[in-house]
>>> print(open('upload-v9.txt').read())   # compact mmCIF, N, CA and C atoms
# COMPACT_ATOMS: atom_id res chain seq x y z
N MET F 176 104.42 100.95 115.92
CA MET F 176 105.40 102.01 115.87
C MET F 176 104.96 103.09 114.88
N VAL F 177 104.60 102.70 113.66
CA VAL F 177 104.15 103.68 112.67
C VAL F 177 102.84 104.32 113.15
N ARG F 178 101.97 103.50 113.72
CA ARG F 178 100.69 104.00 114.22
C ARG F 178 100.91 105.07 115.30
N GLN F 179 101.90 104.84 116.17
CA GLN F 179 102.20 105.80 117.24
C GLN F 179 102.74 107.11 116.66
N ILE F 180 103.58 107.00 115.66
CA ILE F 180 104.12 108.21 115.00
C ILE F 180 102.99 109.00 114.35
N ILE F 181 102.08 108.30 113.67
CA ILE F 181 100.94 108.97 113.03
C ILE F 181 100.08 109.67 114.08
N LYS F 182 99.84 108.98 115.20
CA LYS F 182 99.04 109.56 116.29
C LYS F 182 99.72 110.83 116.83
N THR F 183 101.02 110.75 117.08
CA THR F 183 101.76 111.91 117.60
C THR F 183 101.68 113.08 116.64
N LEU F 184 101.90 112.83 115.35
CA LEU F 184 101.86 113.91 114.36
C LEU F 184 100.45 114.49 114.25
N SER F 185 99.43 113.64 114.31
CA SER F 185 98.04 114.11 114.21
C SER F 185 97.67 115.01 115.37
N GLU F 186 98.34 114.83 116.51
CA GLU F 186 98.06 115.63 117.70
C GLU F 186 98.95 116.87 117.81
N THR F 187 99.85 117.06 116.84
CA THR F 187 100.77 118.19 116.85
C THR F 187 100.11 119.41 116.23
N LYS F 188 100.18 120.54 116.91
CA LYS F 188 99.55 121.78 116.42
C LYS F 188 100.11 122.15 115.05
N GLY F 189 99.20 122.42 114.13
CA GLY F 189 99.59 122.84 112.78
C GLY F 189 99.73 121.71 111.78
N LEU F 190 99.61 120.45 112.25
CA LEU F 190 99.71 119.30 111.35
C LEU F 190 98.35 118.61 111.25
N ASP F 191 98.08 118.00 110.08
CA ASP F 191 96.80 117.34 109.86
C ASP F 191 96.93 116.36 108.69
N ASN F 192 95.89 115.57 108.48
CA ASN F 192 95.79 114.68 107.30
C ASN F 192 96.98 113.74 107.15
N VAL F 193 97.37 113.06 108.21
CA VAL F 193 98.54 112.18 108.16
C VAL F 193 98.15 110.83 107.56
N ASN F 194 98.86 110.43 106.50
CA ASN F 194 98.59 109.16 105.81
C ASN F 194 99.90 108.46 105.47
N LEU F 195 99.90 107.14 105.58
CA LEU F 195 101.04 106.32 105.18
C LEU F 195 100.90 106.02 103.69
N LEU F 196 101.97 106.24 102.94
CA LEU F 196 101.94 105.99 101.49
C LEU F 196 102.21 104.53 101.17
N LYS F 197 101.43 103.99 100.26
CA LYS F 197 101.68 102.64 99.74
C LYS F 197 102.74 102.73 98.66
N GLU F 198 103.37 101.60 98.38
CA GLU F 198 104.46 101.59 97.38
C GLU F 198 104.03 102.11 96.03
N GLU F 199 102.81 101.78 95.58
CA GLU F 199 102.38 102.24 94.25
C GLU F 199 102.24 103.76 94.21
N ILE F 200 101.84 104.37 95.31
CA ILE F 200 101.74 105.84 95.38
C ILE F 200 103.16 106.44 95.38
N LYS F 201 104.06 105.80 96.12
CA LYS F 201 105.45 106.27 96.15
C LYS F 201 106.05 106.24 94.74
N ASP F 202 105.73 105.20 93.95
CA ASP F 202 106.23 105.10 92.58
C ASP F 202 105.68 106.22 91.69
N ILE F 203 104.41 106.55 91.87
CA ILE F 203 103.80 107.64 91.08
C ILE F 203 104.49 108.95 91.42
N ILE F 204 104.70 109.20 92.72
CA ILE F 204 105.36 110.44 93.14
C ILE F 204 106.78 110.50 92.57
N ARG F 205 107.49 109.38 92.62
CA ARG F 205 108.86 109.32 92.09
C ARG F 205 108.88 109.74 90.62
N ASN F 206 107.86 109.33 89.87
CA ASN F 206 107.78 109.68 88.44
C ASN F 206 107.36 111.13 88.21
N LEU F 207 106.57 111.67 89.11
CA LEU F 207 106.08 113.05 88.95
C LEU F 207 107.09 114.09 89.43
N GLU F 208 107.85 113.75 90.46
CA GLU F 208 108.71 114.73 91.13
C GLU F 208 109.94 115.07 90.30
N ASN F 209 110.36 116.32 90.42
CA ASN F 209 111.55 116.82 89.75
C ASN F 209 112.80 116.23 90.43
N ASP F 210 113.80 115.86 89.64
CA ASP F 210 115.04 115.27 90.18
C ASP F 210 115.77 116.21 91.14
N SER F 211 115.55 117.52 91.02
CA SER F 211 116.23 118.46 91.90
C SER F 211 115.64 118.46 93.31
N ASN F 212 114.50 117.78 93.48
CA ASN F 212 113.91 117.71 94.81
C ASN F 212 114.45 116.47 95.52
N GLU F 213 115.71 116.59 95.94
CA GLU F 213 116.40 115.48 96.61
C GLU F 213 115.69 115.06 97.89
N GLY F 214 115.05 116.02 98.55
CA GLY F 214 114.35 115.73 99.79
C GLY F 214 113.21 114.75 99.59
N VAL F 215 112.39 114.99 98.58
CA VAL F 215 111.26 114.08 98.31
C VAL F 215 111.78 112.70 97.93
N ILE F 216 112.79 112.64 97.09
CA ILE F 216 113.36 111.35 96.69
C ILE F 216 113.89 110.62 97.92
N SER F 217 114.56 111.33 98.82
CA SER F 217 115.06 110.72 100.06
C SER F 217 113.92 110.19 100.92
N CYS F 218 112.83 110.94 101.00
CA CYS F 218 111.66 110.48 101.77
C CYS F 218 111.11 109.18 101.18
N LEU F 219 111.03 109.13 99.86
CA LEU F 219 110.47 107.95 99.18
C LEU F 219 111.39 106.73 99.32
N ASP F 220 112.69 106.98 99.50
CA ASP F 220 113.65 105.89 99.62
C ASP F 220 113.65 105.25 101.01
N ARG F 221 112.96 105.84 101.97
CA ARG F 221 112.87 105.26 103.31
C ARG F 221 111.83 104.16 103.33
N LYS F 222 111.90 103.30 104.33
CA LYS F 222 110.95 102.19 104.44
C LYS F 222 109.51 102.70 104.55
N TYR F 223 109.32 103.74 105.35
CA TYR F 223 107.99 104.32 105.55
C TYR F 223 108.01 105.76 105.07
N THR F 224 106.94 106.14 104.36
CA THR F 224 106.80 107.54 103.95
C THR F 224 105.38 107.98 104.30
N LEU F 225 105.32 109.10 105.00
CA LEU F 225 104.03 109.69 105.37
C LEU F 225 103.81 110.94 104.54
N VAL F 226 102.55 111.19 104.20
CA VAL F 226 102.16 112.49 103.66
C VAL F 226 101.28 113.13 104.71
N LEU F 227 101.46 114.42 104.90
CA LEU F 227 100.63 115.16 105.83
C LEU F 227 100.54 116.60 105.36
N THR F 228 99.69 117.36 106.01
CA THR F 228 99.59 118.77 105.68
C THR F 228 99.99 119.59 106.90
N HIS F 229 100.48 120.80 106.61
CA HIS F 229 100.80 121.71 107.70
C HIS F 229 100.31 123.10 107.35
N ASP F 230 99.97 123.86 108.39
CA ASP F 230 99.56 125.23 108.17
C ASP F 230 100.52 126.17 108.90
N SER F 231 100.19 127.44 108.93
CA SER F 231 101.11 128.43 109.49
C SER F 231 101.28 128.31 111.00
N ASN F 232 100.45 127.49 111.67
CA ASN F 232 100.62 127.28 113.10
C ASN F 232 101.78 126.33 113.41
N PHE F 233 102.26 125.61 112.40
CA PHE F 233 103.37 124.69 112.61
C PHE F 233 104.67 125.48 112.61
N ARG F 234 105.67 124.94 113.25
CA ARG F 234 106.97 125.62 113.36
C ARG F 234 107.63 125.84 112.00
N ASP F 235 108.62 126.71 111.98
CA ASP F 235 109.42 126.92 110.77
C ASP F 235 110.34 125.72 110.56
N PRO F 236 110.81 125.49 109.32
CA PRO F 236 111.77 124.39 109.08
C PRO F 236 113.02 124.57 109.94
N VAL F 237 113.65 123.45 110.29
CA VAL F 237 114.84 123.50 111.14
C VAL F 237 116.07 124.00 110.39
N ARG F 238 116.01 124.04 109.06
CA ARG F 238 117.07 124.66 108.27
C ARG F 238 116.52 125.02 106.90
N GLU F 239 117.36 125.67 106.10
CA GLU F 239 116.92 126.14 104.78
C GLU F 239 116.38 124.98 103.94
N ILE F 240 115.25 125.23 103.27
CA ILE F 240 114.64 124.17 102.46
C ILE F 240 115.03 124.26 100.99
N VAL F 241 115.74 125.33 100.63
CA VAL F 241 116.23 125.49 99.26
C VAL F 241 117.73 125.73 99.32
N LYS F 242 118.46 125.01 98.46
CA LYS F 242 119.92 125.16 98.41
C LYS F 242 120.32 125.59 97.01
N LYS F 243 121.13 126.65 96.93
CA LYS F 243 121.63 127.13 95.64
C LYS F 243 123.12 126.85 95.58
N GLU F 244 123.52 126.08 94.56
CA GLU F 244 124.91 125.70 94.41
C GLU F 244 125.26 125.69 92.93
N ASN F 245 126.29 126.42 92.54
CA ASN F 245 126.73 126.48 91.13
C ASN F 245 125.58 126.83 90.18
N GLY F 246 124.74 127.74 90.62
CA GLY F 246 123.62 128.15 89.77
C GLY F 246 122.46 127.17 89.76
N GLU F 247 122.59 126.05 90.44
CA GLU F 247 121.54 125.04 90.51
C GLU F 247 120.75 125.20 91.80
N ILE F 248 119.45 125.02 91.70
CA ILE F 248 118.60 125.04 92.89
C ILE F 248 118.18 123.62 93.20
N THR F 249 118.41 123.21 94.43
CA THR F 249 117.97 121.88 94.86
C THR F 249 117.18 122.03 96.17
N PHE F 250 116.43 121.01 96.47
CA PHE F 250 115.63 120.97 97.69
C PHE F 250 116.12 119.77 98.50
N PRO F 251 116.99 120.03 99.48
CA PRO F 251 117.59 118.92 100.24
C PRO F 251 116.61 118.33 101.26
N PRO F 252 116.91 117.12 101.73
CA PRO F 252 116.11 116.56 102.81
C PRO F 252 116.33 117.37 104.09
N ILE F 253 115.28 117.54 104.88
CA ILE F 253 115.32 118.34 106.10
C ILE F 253 115.01 117.44 107.30
N PRO F 254 115.73 117.58 108.40
CA PRO F 254 115.39 116.80 109.60
C PRO F 254 113.96 117.12 110.06
N PHE F 255 113.36 116.17 110.76
CA PHE F 255 112.01 116.36 111.30
C PHE F 255 112.00 115.80 112.71
N PRO F 256 112.41 116.64 113.70
CA PRO F 256 112.64 116.15 115.06
C PRO F 256 111.41 115.57 115.77
N GLU F 257 110.21 115.89 115.30
CA GLU F 257 109.00 115.35 115.95
C GLU F 257 108.87 113.84 115.77
N VAL F 258 109.50 113.29 114.74
CA VAL F 258 109.43 111.84 114.49
C VAL F 258 110.63 111.18 115.15
N LYS F 259 110.35 110.33 116.12
CA LYS F 259 111.41 109.63 116.86
C LYS F 259 111.62 108.26 116.23
N ALA F 260 112.37 108.23 115.15
CA ALA F 260 112.67 106.99 114.43
C ALA F 260 114.07 107.14 113.84
N THR F 261 114.51 106.16 113.06
CA THR F 261 115.83 106.24 112.46
C THR F 261 115.74 106.78 111.03
N ASN F 262 116.80 107.50 110.62
CA ASN F 262 116.92 108.04 109.26
C ASN F 262 115.72 108.89 108.84
N VAL F 263 115.30 109.80 109.71
CA VAL F 263 114.13 110.63 109.44
C VAL F 263 114.51 111.82 108.55
N VAL F 264 113.76 112.02 107.48
CA VAL F 264 113.91 113.20 106.62
C VAL F 264 112.53 113.70 106.23
N SER F 265 112.47 114.97 105.86
CA SER F 265 111.21 115.53 105.38
C SER F 265 111.50 116.44 104.19
N SER F 266 110.44 116.73 103.43
CA SER F 266 110.58 117.61 102.29
C SER F 266 109.21 118.04 101.79
N SER F 267 109.17 119.20 101.18
CA SER F 267 107.95 119.67 100.52
C SER F 267 107.97 119.22 99.07
N PRO F 268 106.88 118.63 98.61
CA PRO F 268 106.84 118.20 97.21
C PRO F 268 106.58 119.37 96.26
N SER F 269 106.82 119.12 94.99
CA SER F 269 106.53 120.11 93.94
C SER F 269 105.02 120.35 93.86
N LYS F 270 104.63 121.39 93.15
CA LYS F 270 103.19 121.67 92.98
C LYS F 270 102.49 120.51 92.30
N GLU F 271 103.13 119.90 91.33
CA GLU F 271 102.51 118.76 90.62
C GLU F 271 102.23 117.60 91.58
N VAL F 272 103.20 117.28 92.44
CA VAL F 272 103.01 116.20 93.41
C VAL F 272 101.99 116.62 94.46
N HIS F 273 102.06 117.86 94.92
CA HIS F 273 101.08 118.38 95.87
C HIS F 273 99.66 118.19 95.33
N ASP F 274 99.44 118.62 94.08
CA ASP F 274 98.11 118.49 93.47
C ASP F 274 97.67 117.03 93.38
N PHE F 275 98.60 116.14 93.03
CA PHE F 275 98.30 114.71 92.97
C PHE F 275 97.88 114.19 94.35
N LEU F 276 98.62 114.57 95.39
CA LEU F 276 98.33 114.09 96.75
C LEU F 276 96.99 114.62 97.26
N VAL F 277 96.70 115.88 96.96
CA VAL F 277 95.41 116.46 97.37
C VAL F 277 94.27 115.66 96.75
N LYS F 278 94.41 115.33 95.47
CA LYS F 278 93.37 114.55 94.78
C LYS F 278 93.33 113.11 95.29
N GLU F 279 94.48 112.48 95.40
CA GLU F 279 94.57 111.07 95.81
C GLU F 279 93.98 110.84 97.20
N PHE F 280 94.23 111.76 98.13
CA PHE F 280 93.76 111.60 99.51
C PHE F 280 92.54 112.46 99.82
N ASN F 281 91.95 113.06 98.77
CA ASN F 281 90.72 113.83 98.91
C ASN F 281 90.85 114.88 100.03
N LEU F 282 91.94 115.65 99.97
CA LEU F 282 92.22 116.63 101.02
C LEU F 282 91.50 117.94 100.73
N THR F 283 90.88 118.48 101.76
CA THR F 283 90.28 119.81 101.66
C THR F 283 91.21 120.75 102.40
N LEU F 284 91.88 121.63 101.65
CA LEU F 284 92.90 122.49 102.23
C LEU F 284 92.52 123.96 102.08
N GLU F 285 92.98 124.74 103.05
CA GLU F 285 92.83 126.19 102.93
C GLU F 285 94.21 126.76 102.64
N ASP F 286 94.95 127.07 103.68
CA ASP F 286 96.30 127.59 103.49
C ASP F 286 97.35 126.53 103.79
N ASP F 287 96.93 125.27 103.77
CA ASP F 287 97.84 124.19 104.13
C ASP F 287 98.75 123.82 102.97
N ALA F 288 99.92 123.30 103.31
CA ALA F 288 100.85 122.76 102.32
C ALA F 288 101.07 121.29 102.63
N THR F 289 101.42 120.52 101.62
CA THR F 289 101.73 119.11 101.86
C THR F 289 103.19 118.96 102.23
N LEU F 290 103.46 117.87 102.93
CA LEU F 290 104.80 117.58 103.42
C LEU F 290 104.97 116.07 103.40
N LEU F 291 106.15 115.62 103.02
CA LEU F 291 106.47 114.19 103.10
C LEU F 291 107.49 113.99 104.21
N ILE F 292 107.33 112.91 104.96
CA ILE F 292 108.29 112.52 105.98
C ILE F 292 108.62 111.05 105.74
N GLY F 293 109.92 110.76 105.63
CA GLY F 293 110.36 109.37 105.45
C GLY F 293 111.21 108.95 106.62
N PHE F 294 111.09 107.67 107.01
CA PHE F 294 111.92 107.12 108.09
C PHE F 294 112.02 105.62 107.91
N ASP F 295 113.01 105.05 108.58
CA ASP F 295 113.24 103.63 108.39
C ASP F 295 112.65 102.73 109.46
N SER F 296 112.85 103.03 110.71
CA SER F 296 112.32 102.08 111.68
C SER F 296 112.15 102.71 113.03
N GLY F 297 111.92 101.83 113.94
CA GLY F 297 111.54 101.99 115.31
C GLY F 297 111.80 103.29 116.02
N ILE F 298 111.09 103.44 117.06
CA ILE F 298 111.20 104.61 117.91
C ILE F 298 112.55 104.63 118.57
N LYS F 299 113.22 105.78 118.50
CA LYS F 299 114.54 105.92 119.09
C LYS F 299 114.44 106.02 120.60
>>> encode(input="upload-v9.txt", output="structure tokens")
Amino acid sequence: MVRQIIKTLSETKGLDNVNLLKEEIKDIIRNLENDSNEGVISCLDRKYTLVLTHDSNFRDPVREIVKKENGEITFPPIPFPEVKATNVVSSSPSKEVHDFLVKEFNLTLEDDATLLIGFDSGIK
């Protein structure tokens, strides 16, 4: 199931470098990420978390990725319809986490950004 999701994402225009995160990597990200990035924390709280990169050929987010409330800025979890699983969320990590992921997975990027996708189980 996870292998099929990775294959589908790898074949999607604008997406690349799809990797499944191990628990120890998820723990490092949890420690590096800002608490206001609720989306990343939600991704890490799912059973499976993928890191991937996207470029400008990929679609726009399905809704706003930044929320301003009472003077506070937060980054909520965003749906990711390409993944057919349960409890799917996605989020862009902070620059610090992005830099860690680029180094950890030896990513060679041009104009790409990193993205996390979390989900719990099976294909819907």
>>> residues_around(input="upload-v9.txt", residues="Glu213 in chain F", least_positions_apart="5", cutoff="10 Å", atoms="only C-alpha atoms", output="ChimeraX atom specification")
/F:208,218-219,249-253,266,268
>>> write_last_selection(input="upload-v9.txt", atoms="N, CA and C atoms", output="PDB file, in the coordinates of the input")
ATOM      1  N   GLU F 208     107.850 113.750  90.460  1.00  0.00           N
ATOM      2  CA  GLU F 208     108.710 114.730  91.130  1.00  0.00           C
ATOM      3  C   GLU F 208     109.940 115.070  90.300  1.00  0.00           C
ATOM      4  N   CYS F 218     112.830 110.940 101.000  1.00  0.00           N
ATOM      5  CA  CYS F 218     111.660 110.480 101.770  1.00  0.00           C
ATOM      6  C   CYS F 218     111.110 109.180 101.180  1.00  0.00           C
ATOM      7  N   LEU F 219     111.030 109.130  99.860  1.00  0.00           N
ATOM      8  CA  LEU F 219     110.470 107.950  99.180  1.00  0.00           C
ATOM      9  C   LEU F 219     111.390 106.730  99.320  1.00  0.00           C
ATOM     10  N   THR F 249     118.410 123.210  94.430  1.00  0.00           N
ATOM     11  CA  THR F 249     117.970 121.880  94.860  1.00  0.00           C
ATOM     12  C   THR F 249     117.180 122.030  96.170  1.00  0.00           C
ATOM     13  N   PHE F 250     116.430 121.010  96.470  1.00  0.00           N
ATOM     14  CA  PHE F 250     115.630 120.970  97.690  1.00  0.00           C
ATOM     15  C   PHE F 250     116.120 119.770  98.500  1.00  0.00           C
ATOM     16  N   PRO F 251     116.990 120.030  99.480  1.00  0.00           N
ATOM     17  CA  PRO F 251     117.590 118.920 100.240  1.00  0.00           C
ATOM     18  C   PRO F 251     116.610 118.330 101.260  1.00  0.00           C
ATOM     19  N   PRO F 252     116.910 117.120 101.730  1.00  0.00           N
ATOM     20  CA  PRO F 252     116.110 116.560 102.810  1.00  0.00           C
ATOM     21  C   PRO F 252     116.330 117.370 104.090  1.00  0.00           C
ATOM     22  N   ILE F 253     115.280 117.540 104.880  1.00  0.00           N
ATOM     23  CA  ILE F 253     115.320 118.340 106.100  1.00  0.00           C
ATOM     24  C   ILE F 253     115.010 117.440 107.300  1.00  0.00           C
ATOM     25  N   SER F 266     110.440 116.730 103.430  1.00  0.00           N
ATOM     26  CA  SER F 266     110.580 117.610 102.290  1.00  0.00           C
ATOM     27  C   SER F 266     109.210 118.040 101.790  1.00  0.00           C
ATOM     28  N   PRO F 268     106.880 118.630  98.610  1.00  0.00           N
ATOM     29  CA  PRO F 268     106.840 118.200  97.210  1.00  0.00           C
ATOM     30  C   PRO F 268     106.580 119.370  96.260  1.00  0.00           C
TER      31      PRO F 268
END
>>> closest_residue(input="upload-v9.txt", among="F:Arg221, F:His273, F:Lys188, F:Lys242", to="Thr289 in chain F", atoms="all atoms listed in the file")
F:His273
>>> select_by_dssp(input="upload-v9.txt", residues="chain F", states="helix (DSSP H, G or I)", output="PyMOL selection string")
chain F and resi 177-185+198-207+213-220+270-279
>>> write_last_selection(input="upload-v9.txt", atoms="N, CA and C atoms", output="short mmCIF file (atom, residue, chain, number, x, y, z; two decimals), in the coordinates of the input")
data_model
loop_
_atom_site.label_atom_id
_atom_site.label_comp_id
_atom_site.auth_asym_id
_atom_site.auth_seq_id
_atom_site.Cartn_x
_atom_site.Cartn_y
_atom_site.Cartn_z
N VAL F 177 104.60 102.70 113.66
CA VAL F 177 104.15 103.68 112.67
C VAL F 177 102.84 104.32 113.15
N ARG F 178 101.97 103.50 113.72
CA ARG F 178 100.69 104.00 114.22
C ARG F 178 100.91 105.07 115.30
N GLN F 179 101.90 104.84 116.17
CA GLN F 179 102.20 105.80 117.24
C GLN F 179 102.74 107.11 116.66
N ILE F 180 103.58 107.00 115.66
CA ILE F 180 104.12 108.21 115.00
C ILE F 180 102.99 109.00 114.35
N ILE F 181 102.08 108.30 113.67
CA ILE F 181 100.94 108.97 113.03
C ILE F 181 100.08 109.67 114.08
N LYS F 182 99.84 108.98 115.20
CA LYS F 182 99.04 109.56 116.29
C LYS F 182 99.72 110.83 116.83
N THR F 183 101.02 110.75 117.08
CA THR F 183 101.76 111.91 117.60
C THR F 183 101.68 113.08 116.64
N LEU F 184 101.90 112.83 115.35
CA LEU F 184 101.86 113.91 114.36
C LEU F 184 100.45 114.49 114.25
N SER F 185 99.43 113.64 114.31
CA SER F 185 98.04 114.11 114.21
C SER F 185 97.67 115.01 115.37
N GLU F 198 103.37 101.60 98.38
CA GLU F 198 104.46 101.59 97.38
C GLU F 198 104.03 102.11 96.03
N GLU F 199 102.81 101.78 95.58
CA GLU F 199 102.38 102.24 94.25
C GLU F 199 102.24 103.76 94.21
N ILE F 200 101.84 104.37 95.31
CA ILE F 200 101.74 105.84 95.38
C ILE F 200 103.16 106.44 95.38
N LYS F 201 104.06 105.80 96.12
CA LYS F 201 105.45 106.27 96.15
C LYS F 201 106.05 106.24 94.74
N ASP F 202 105.73 105.20 93.95
CA ASP F 202 106.23 105.10 92.58
C ASP F 202 105.68 106.22 91.69
N ILE F 203 104.41 106.55 91.87
CA ILE F 203 103.80 107.64 91.08
C ILE F 203 104.49 108.95 91.42
N ILE F 204 104.70 109.20 92.72
CA ILE F 204 105.36 110.44 93.14
C ILE F 204 106.78 110.50 92.57
N ARG F 205 107.49 109.38 92.62
CA ARG F 205 108.86 109.32 92.09
C ARG F 205 108.88 109.74 90.62
N ASN F 206 107.86 109.33 89.87
CA ASN F 206 107.78 109.68 88.44
C ASN F 206 107.36 111.13 88.21
N LEU F 207 106.57 111.67 89.11
CA LEU F 207 106.08 113.05 88.95
C LEU F 207 107.09 114.09 89.43
N GLU F 213 115.71 116.59 95.94
CA GLU F 213 116.40 115.48 96.61
C GLU F 213 115.69 115.06 97.89
N GLY F 214 115.05 116.02 98.55
CA GLY F 214 114.35 115.73 99.79
C GLY F 214 113.21 114.75 99.59
N VAL F 215 112.39 114.99 98.58
CA VAL F 215 111.26 114.08 98.31
C VAL F 215 111.78 112.70 97.93
N ILE F 216 112.79 112.64 97.09
CA ILE F 216 113.36 111.35 96.69
C ILE F 216 113.89 110.62 97.92
N SER F 217 114.56 111.33 98.82
CA SER F 217 115.06 110.72 100.06
C SER F 217 113.92 110.19 100.92
N CYS F 218 112.83 110.94 101.00
CA CYS F 218 111.66 110.48 101.77
C CYS F 218 111.11 109.18 101.18
N LEU F 219 111.03 109.13 99.86
CA LEU F 219 110.47 107.95 99.18
C LEU F 219 111.39 106.73 99.32
N ASP F 220 112.69 106.98 99.50
CA ASP F 220 113.65 105.89 99.62
C ASP F 220 113.65 105.25 101.01
N LYS F 270 104.63 121.39 93.15
CA LYS F 270 103.19 121.67 92.98
C LYS F 270 102.49 120.51 92.30
N GLU F 271 103.13 119.90 91.33
CA GLU F 271 102.51 118.76 90.62
C GLU F 271 102.23 117.60 91.58
N VAL F 272 103.20 117.28 92.44
CA VAL F 272 103.01 116.20 93.41
C VAL F 272 101.99 116.62 94.46
N HIS F 273 102.06 117.86 94.92
CA HIS F 273 101.08 118.38 95.87
C HIS F 273 99.66 118.19 95.33
N ASP F 274 99.44 118.62 94.08
CA ASP F 274 98.11 118.49 93.47
C ASP F 274 97.67 117.03 93.38
N PHE F 275 98.60 116.14 93.03
CA PHE F 275 98.30 114.71 92.97
C PHE F 275 97.88 114.19 94.35
N LEU F 276 98.62 114.57 95.39
CA LEU F 276 98.33 114.09 96.75
C LEU F 276 96.99 114.62 97.26
N VAL F 277 96.70 115.88 96.96
CA VAL F 277 95.41 116.46 97.37
C VAL F 277 94.27 115.66 96.75
N LYS F 278 94.41 115.33 95.47
CA LYS F 278 93.37 114.55 94.78
C LYS F 278 93.33 113.11 95.29
N GLU F 279 94.48 112.48 95.40
CA GLU F 279 94.57 111.07 95.81
C GLU F 279 93.98 110.84 97.20
#
>>> atom_distance(input="upload-v9.txt", atom1="CA of Lys222 in chain F", atom2="CA of Ser296 in chain F")
7.4 Å
>>> closest_residue(input="upload-v9.txt", among="F:Thr224, F:Phe233, F:Met176, F:Ala260", to="Glu199 in chain F", atoms="only C-alpha atoms")
F:Thr224
>>> select_by_dssp(input="upload-v9.txt", residues="chain F", states="strand (DSSP E or B)", output="MDAnalysis selection string")
chainID F and resid 190:195 223:229 242:244 247:249 253 264:266 288:294
>>> closest_residue(input="upload-v9.txt", among="F:Val237, F:Ile200, F:Val263, F:Val177", to="Gly293 in chain F", atoms="only N, CA and C atoms")
F:Val263
>>> decode(input="upload-v9.txt", residues="range 212-230 of chain F", atoms="N, CA and C atoms", output="PDB file, in the first residue's frame")
ATOM      1  N   ASN F 212       3.795  25.357  13.251  1.00  0.00           N
ATOM      2  CA  ASN F 212       3.592  24.594  12.022  1.00  0.00           C
ATOM      3  C   ASN F 212       2.789  23.338  12.349  1.00  0.00           C
ATOM      4  N   GLU F 213       1.493  23.561  12.588  1.00  0.00           N
ATOM      5  CA  GLU F 213       0.584  22.475  12.958  1.00  0.00           C
ATOM      6  C   GLU F 213       0.516  21.403  11.876  1.00  0.00           C
ATOM      7  N   GLY F 214       0.681  21.817  10.627  1.00  0.00           N
ATOM      8  CA  GLY F 214       0.619  20.872   9.514  1.00  0.00           C
ATOM      9  C   GLY F 214       1.719  19.832   9.585  1.00  0.00           C
ATOM     10  N   VAL F 215       2.943  20.269   9.831  1.00  0.00           N
ATOM     11  CA  VAL F 215       4.065  19.324   9.922  1.00  0.00           C
ATOM     12  C   VAL F 215       3.862  18.390  11.109  1.00  0.00           C
ATOM     13  N   ILE F 216       3.456  18.934  12.245  1.00  0.00           N
ATOM     14  CA  ILE F 216       3.224  18.102  13.432  1.00  0.00           C
ATOM     15  C   ILE F 216       2.138  17.070  13.131  1.00  0.00           C
ATOM     16  N   SER F 217       1.072  17.472  12.444  1.00  0.00           N
ATOM     17  CA  SER F 217       0.006  16.537  12.063  1.00  0.00           C
ATOM     18  C   SER F 217       0.530  15.444  11.140  1.00  0.00           C
ATOM     19  N   CYS F 218       1.390  15.810  10.198  1.00  0.00           N
ATOM     20  CA  CYS F 218       1.981  14.808   9.297  1.00  0.00           C
ATOM     21  C   CYS F 218       2.794  13.781  10.088  1.00  0.00           C
ATOM     22  N   LEU F 219       3.570  14.271  11.050  1.00  0.00           N
ATOM     23  CA  LEU F 219       4.428  13.389  11.850  1.00  0.00           C
ATOM     24  C   LEU F 219       3.613  12.487  12.771  1.00  0.00           C
ATOM     25  N   ASP F 220       2.410  12.934  13.138  1.00  0.00           N
ATOM     26  CA  ASP F 220       1.559  12.153  14.033  1.00  0.00           C
ATOM     27  C   ASP F 220       0.841  11.010  13.319  1.00  0.00           C
ATOM     28  N   ARG F 221       0.895  10.963  12.000  1.00  0.00           N
ATOM     29  CA  ARG F 221       0.274   9.873  11.246  1.00  0.00           C
ATOM     30  C   ARG F 221       1.178   8.651  11.268  1.00  0.00           C
ATOM     31  N   LYS F 222       0.604   7.501  10.973  1.00  0.00           N
ATOM     32  CA  LYS F 222       1.382   6.254  10.976  1.00  0.00           C
ATOM     33  C   LYS F 222       2.521   6.315   9.962  1.00  0.00           C
ATOM     34  N   TYR F 223       2.229   6.842   8.782  1.00  0.00           N
ATOM     35  CA  TYR F 223       3.234   6.955   7.721  1.00  0.00           C
ATOM     36  C   TYR F 223       3.438   8.424   7.387  1.00  0.00           C
ATOM     37  N   THR F 224       4.706   8.804   7.219  1.00  0.00           N
ATOM     38  CA  THR F 224       5.013  10.167   6.784  1.00  0.00           C
ATOM     39  C   THR F 224       6.013  10.074   5.638  1.00  0.00           C
ATOM     40  N   LEU F 225       5.665  10.744   4.550  1.00  0.00           N
ATOM     41  CA  LEU F 225       6.545  10.803   3.387  1.00  0.00           C
ATOM     42  C   LEU F 225       7.140  12.197   3.284  1.00  0.00           C
ATOM     43  N   VAL F 226       8.378  12.261   2.814  1.00  0.00           N
ATOM     44  CA  VAL F 226       8.960  13.531   2.408  1.00  0.00           C
ATOM     45  C   VAL F 226       9.128  13.442   0.904  1.00  0.00           C
ATOM     46  N   LEU F 227       8.845  14.545   0.230  1.00  0.00           N
ATOM     47  CA  LEU F 227       9.037  14.609  -1.205  1.00  0.00           C
ATOM     48  C   LEU F 227       9.320  16.043  -1.586  1.00  0.00           C
ATOM     49  N   THR F 228       9.676  16.234  -2.843  1.00  0.00           N
ATOM     50  CA  THR F 228       9.903  17.590  -3.325  1.00  0.00           C
ATOM     51  C   THR F 228       8.887  17.892  -4.421  1.00  0.00           C
ATOM     52  N   HIS F 229       8.599  19.185  -4.557  1.00  0.00           N
ATOM     53  CA  HIS F 229       7.719  19.600  -5.644  1.00  0.00           C
ATOM     54  C   HIS F 229       8.293  20.851  -6.285  1.00  0.00           C
ATOM     55  N   ASP F 230       8.004  21.003  -7.576  1.00  0.00           N
ATOM     56  CA  ASP F 230       8.432  22.203  -8.276  1.00  0.00           C
ATOM     57  C   ASP F 230       7.209  22.946  -8.800  1.00  0.00           C
TER      58      ASP F 230
END
